[in-house]
Amino acid sequence: MADTTVAEVLAELAELEDPKIRRVNERHGDDHGVNLGKLRALAKRLKTQHELARALWTTDDTAAQLLATLICRPKLFERAELDGMLRTARGPKVHDWLVNYVVKKSPHREELRSAWLADPDPVVAAAGWALTTDRVAKHPEGLDLAGLLDTIEAELKSAPDRLQWAMNHCLAQIGIEHPEHRDRAVDIGERLEVLKDYPTPAGCTSPYAPTWIAEMVRRQKSG
């Protein structure tokens, strides 16, 4: 599907719109009604089309922006462009896919991580924490883990929802991956009790950091 136009893609996305899916997504803050499996199938057909991805992003349509993250070339985006994209990403799913599928593959990811971590916008800061969590797990060299725990201890309890979730994930990841900080991470989680009562389906791990850490460490040892 080379040289596909934005209008053609938007028309196909409109055909995929399902009111039932939209109602479910809207309960989670996402304003689209496209089944994600079908969206990925469309991306597979389109293949990589970076300029189309750029154009789709500017439509401000959530499904189109999700598709854009799947067909772009992450390394071709400039730092300022990615920063602007993040600040216009409204829904949680677009925010999540942009960070995970695009920014994490960008040569600007570390520069953006540092800048976003200190941003006053909690949604932008959440992206900085998500990138930090990725580094905690994969490339912790040079990170001040104790300092991160200091910040989490001071700010997690009062952080807005999306930022709180990202910070809590970082807390858990530090406890899971770094035994020397595990006791403190668990202690912070127990004292702050963030997400302690979060409804967790059977078979899933609770996002409450002490429970999350204990379960993942158990799996590491048994594996």
# chains A, B, ... in the order shown; residues from 1 in each chain; ligands from 1
$ select_by_dssp --residues "chain A" --states "alpha helix (DSSP H)" --output "ChimeraX atom specification"
/A:6-16,19-26,36-46,50-57,62-71,79-88,92-97,109-117,122-138,145-155,161-177,182-192,209-222
$ residues_around --residues "range 97-114 of chain A" --least-positions-apart "6" --cutoff "7 Å" --atoms "only C-alpha atoms" --output "list in words"
Leu66, Thr69, Pro74, Lys75, Arg79, Ala127, Gly128, Leu131 and Thr132 of chain A
$ closest_residue --among "A:Glu17, A:Arg23, A:Gly29, A:Ala209" --to "Ala63 in chain A" --atoms "only C-alpha atoms"
A:Glu17
$ residues_around --residues "Ala41 in chain A" --least-positions-apart "3" --cutoff "12 Å" --atoms "only C-alpha atoms" --output "list of chain:residue names"
A:Glu12, A:Leu13, A:Leu16, A:Val34, A:Asn35, A:Leu36, A:Gly37, A:Lys38, A:Lys44, A:Arg45, A:Leu46, A:Lys47, A:Leu67, A:Leu70, A:Ile71
$ write_last_selection --atoms "N, CA, C and O atoms" --output "PDB file, in the first residue's frame"
ATOM      1  N   GLU A  12     -10.475   4.188   6.175  1.00  0.00           N
ATOM      2  CA  GLU A  12     -10.427   2.799   6.622  1.00  0.00           C
ATOM      3  C   GLU A  12     -10.566   2.703   8.141  1.00  0.00           C
ATOM      4  O   GLU A  12     -11.243   1.814   8.658  1.00  0.00           O
ATOM      5  N   LEU A  13      -9.961   3.630   8.856  1.00  0.00           N
ATOM      6  CA  LEU A  13     -10.108   3.647  10.313  1.00  0.00           C
ATOM      7  C   LEU A  13     -11.561   3.896  10.705  1.00  0.00           C
ATOM      8  O   LEU A  13     -12.057   3.309  11.672  1.00  0.00           O
ATOM      9  N   LEU A  16     -13.460   0.778  10.585  1.00  0.00           N
ATOM     10  CA  LEU A  16     -13.122  -0.137  11.674  1.00  0.00           C
ATOM     11  C   LEU A  16     -13.718   0.292  13.013  1.00  0.00           C
ATOM     12  O   LEU A  16     -13.663  -0.459  13.992  1.00  0.00           O
ATOM     13  N   VAL A  34     -11.388   1.584  17.691  1.00  0.00           N
ATOM     14  CA  VAL A  34     -10.799   0.629  16.750  1.00  0.00           C
ATOM     15  C   VAL A  34     -10.136  -0.514  17.513  1.00  0.00           C
ATOM     16  O   VAL A  34      -9.327  -0.277  18.412  1.00  0.00           O
ATOM     17  N   ASN A  35     -10.493  -1.729  17.161  1.00  0.00           N
ATOM     18  CA  ASN A  35      -9.852  -2.902  17.747  1.00  0.00           C
ATOM     19  C   ASN A  35      -8.348  -2.844  17.457  1.00  0.00           C
ATOM     20  O   ASN A  35      -7.935  -2.661  16.302  1.00  0.00           O
ATOM     21  N   LEU A  36      -7.524  -3.019  18.499  1.00  0.00           N
ATOM     22  CA  LEU A  36      -6.081  -2.846  18.319  1.00  0.00           C
ATOM     23  C   LEU A  36      -5.469  -3.935  17.453  1.00  0.00           C
ATOM     24  O   LEU A  36      -4.480  -3.700  16.762  1.00  0.00           O
ATOM     25  N   GLY A  37      -6.059  -5.116  17.452  1.00  0.00           N
ATOM     26  CA  GLY A  37      -5.576  -6.170  16.560  1.00  0.00           C
ATOM     27  C   GLY A  37      -5.774  -5.784  15.103  1.00  0.00           C
ATOM     28  O   GLY A  37      -4.889  -6.001  14.260  1.00  0.00           O
ATOM     29  N   LYS A  38      -6.928  -5.199  14.808  1.00  0.00           N
ATOM     30  CA  LYS A  38      -7.194  -4.755  13.439  1.00  0.00           C
ATOM     31  C   LYS A  38      -6.322  -3.560  13.074  1.00  0.00           C
ATOM     32  O   LYS A  38      -5.895  -3.410  11.926  1.00  0.00           O
ATOM     33  N   LYS A  44       0.534  -3.444   9.443  1.00  0.00           N
ATOM     34  CA  LYS A  44       1.331  -4.461   8.748  1.00  0.00           C
ATOM     35  C   LYS A  44       1.162  -4.340   7.235  1.00  0.00           C
ATOM     36  O   LYS A  44       2.113  -4.526   6.472  1.00  0.00           O
ATOM     37  N   ARG A  45      -0.047  -4.031   6.785  1.00  0.00           N
ATOM     38  CA  ARG A  45      -0.301  -3.860   5.359  1.00  0.00           C
ATOM     39  C   ARG A  45       0.366  -2.598   4.822  1.00  0.00           C
ATOM     40  O   ARG A  45       0.914  -2.588   3.731  1.00  0.00           O
ATOM     41  N   LEU A  46       0.304  -1.548   5.614  1.00  0.00           N
ATOM     42  CA  LEU A  46       0.888  -0.282   5.180  1.00  0.00           C
ATOM     43  C   LEU A  46       2.409  -0.339   5.158  1.00  0.00           C
ATOM     44  O   LEU A  46       3.054   0.345   4.359  1.00  0.00           O
ATOM     45  N   LYS A  47       2.969  -1.132   6.067  1.00  0.00           N
ATOM     46  CA  LYS A  47       4.421  -1.208   6.255  1.00  0.00           C
ATOM     47  C   LYS A  47       4.952   0.152   6.706  1.00  0.00           C
ATOM     48  O   LYS A  47       4.193   1.023   7.105  1.00  0.00           O
ATOM     49  N   LEU A  67      -1.765   4.475  14.923  1.00  0.00           N
ATOM     50  CA  LEU A  67      -1.244   3.872  13.695  1.00  0.00           C
ATOM     51  C   LEU A  67       0.089   4.495  13.314  1.00  0.00           C
ATOM     52  O   LEU A  67       1.018   3.789  12.895  1.00  0.00           O
ATOM     53  N   LEU A  70       3.154   2.994  14.699  1.00  0.00           N
ATOM     54  CA  LEU A  70       3.490   1.658  14.201  1.00  0.00           C
ATOM     55  C   LEU A  70       4.142   1.672  12.824  1.00  0.00           C
ATOM     56  O   LEU A  70       4.791   0.691  12.446  1.00  0.00           O
ATOM     57  N   ILE A  71       3.964   2.745  12.065  1.00  0.00           N
ATOM     58  CA  ILE A  71       4.488   2.753  10.689  1.00  0.00           C
ATOM     59  C   ILE A  71       5.595   3.785  10.480  1.00  0.00           C
ATOM     60  O   ILE A  71       6.094   3.953   9.376  1.00  0.00           O
TER      61      ILE A  71
END
$ atom_distance --atom1 "CA of Leu117 in chain A" --atom2 "CA of Val94 in chain A"
18.7 Å
$ residues_around --residues "Arg184 in chain A" --least-positions-apart "4" --cutoff "10 Å" --atoms "only C-alpha atoms" --output "list of chain:residue names"
A:Ala146, A:Leu149, A:Glu153, A:Leu171, A:Ile174, A:Gly175, A:Pro179, A:Glu180, A:Ile188, A:Gly189, A:Glu190
$ residues_around --residues "Leu10 in chain A" --least-positions-apart "5" --cutoff "9 Å" --atoms "only C-alpha atoms" --output "ChimeraX atom specification"
/A:5,15,56,61,63-64
$ residues_around --residues "Ala130 in chain A" --least-positions-apart "3" --cutoff "9 Å" --atoms "only C-alpha atoms" --output "JSON, numbers by chain"
{"A": [96, 99, 100, 113, 125, 126, 127, 133, 134, 135, 166, 167, 169, 170]}
$ atom_distance --atom1 "CA of Ala115 in chain A" --atom2 "CA of Asp144 in chain A"
15.8 Å
$ closest_residue --among "A:Glu26, A:Glu155, A:Glu215, A:Asp60" --to "Leu192 in chain A" --atoms "only C-alpha atoms"
A:Glu155
$ closest_residue --among "A:Asn168, A:Pro92, A:Arg73, A:Thr59" --to "Ala7 in chain A" --atoms "only C-alpha atoms"
A:Thr59
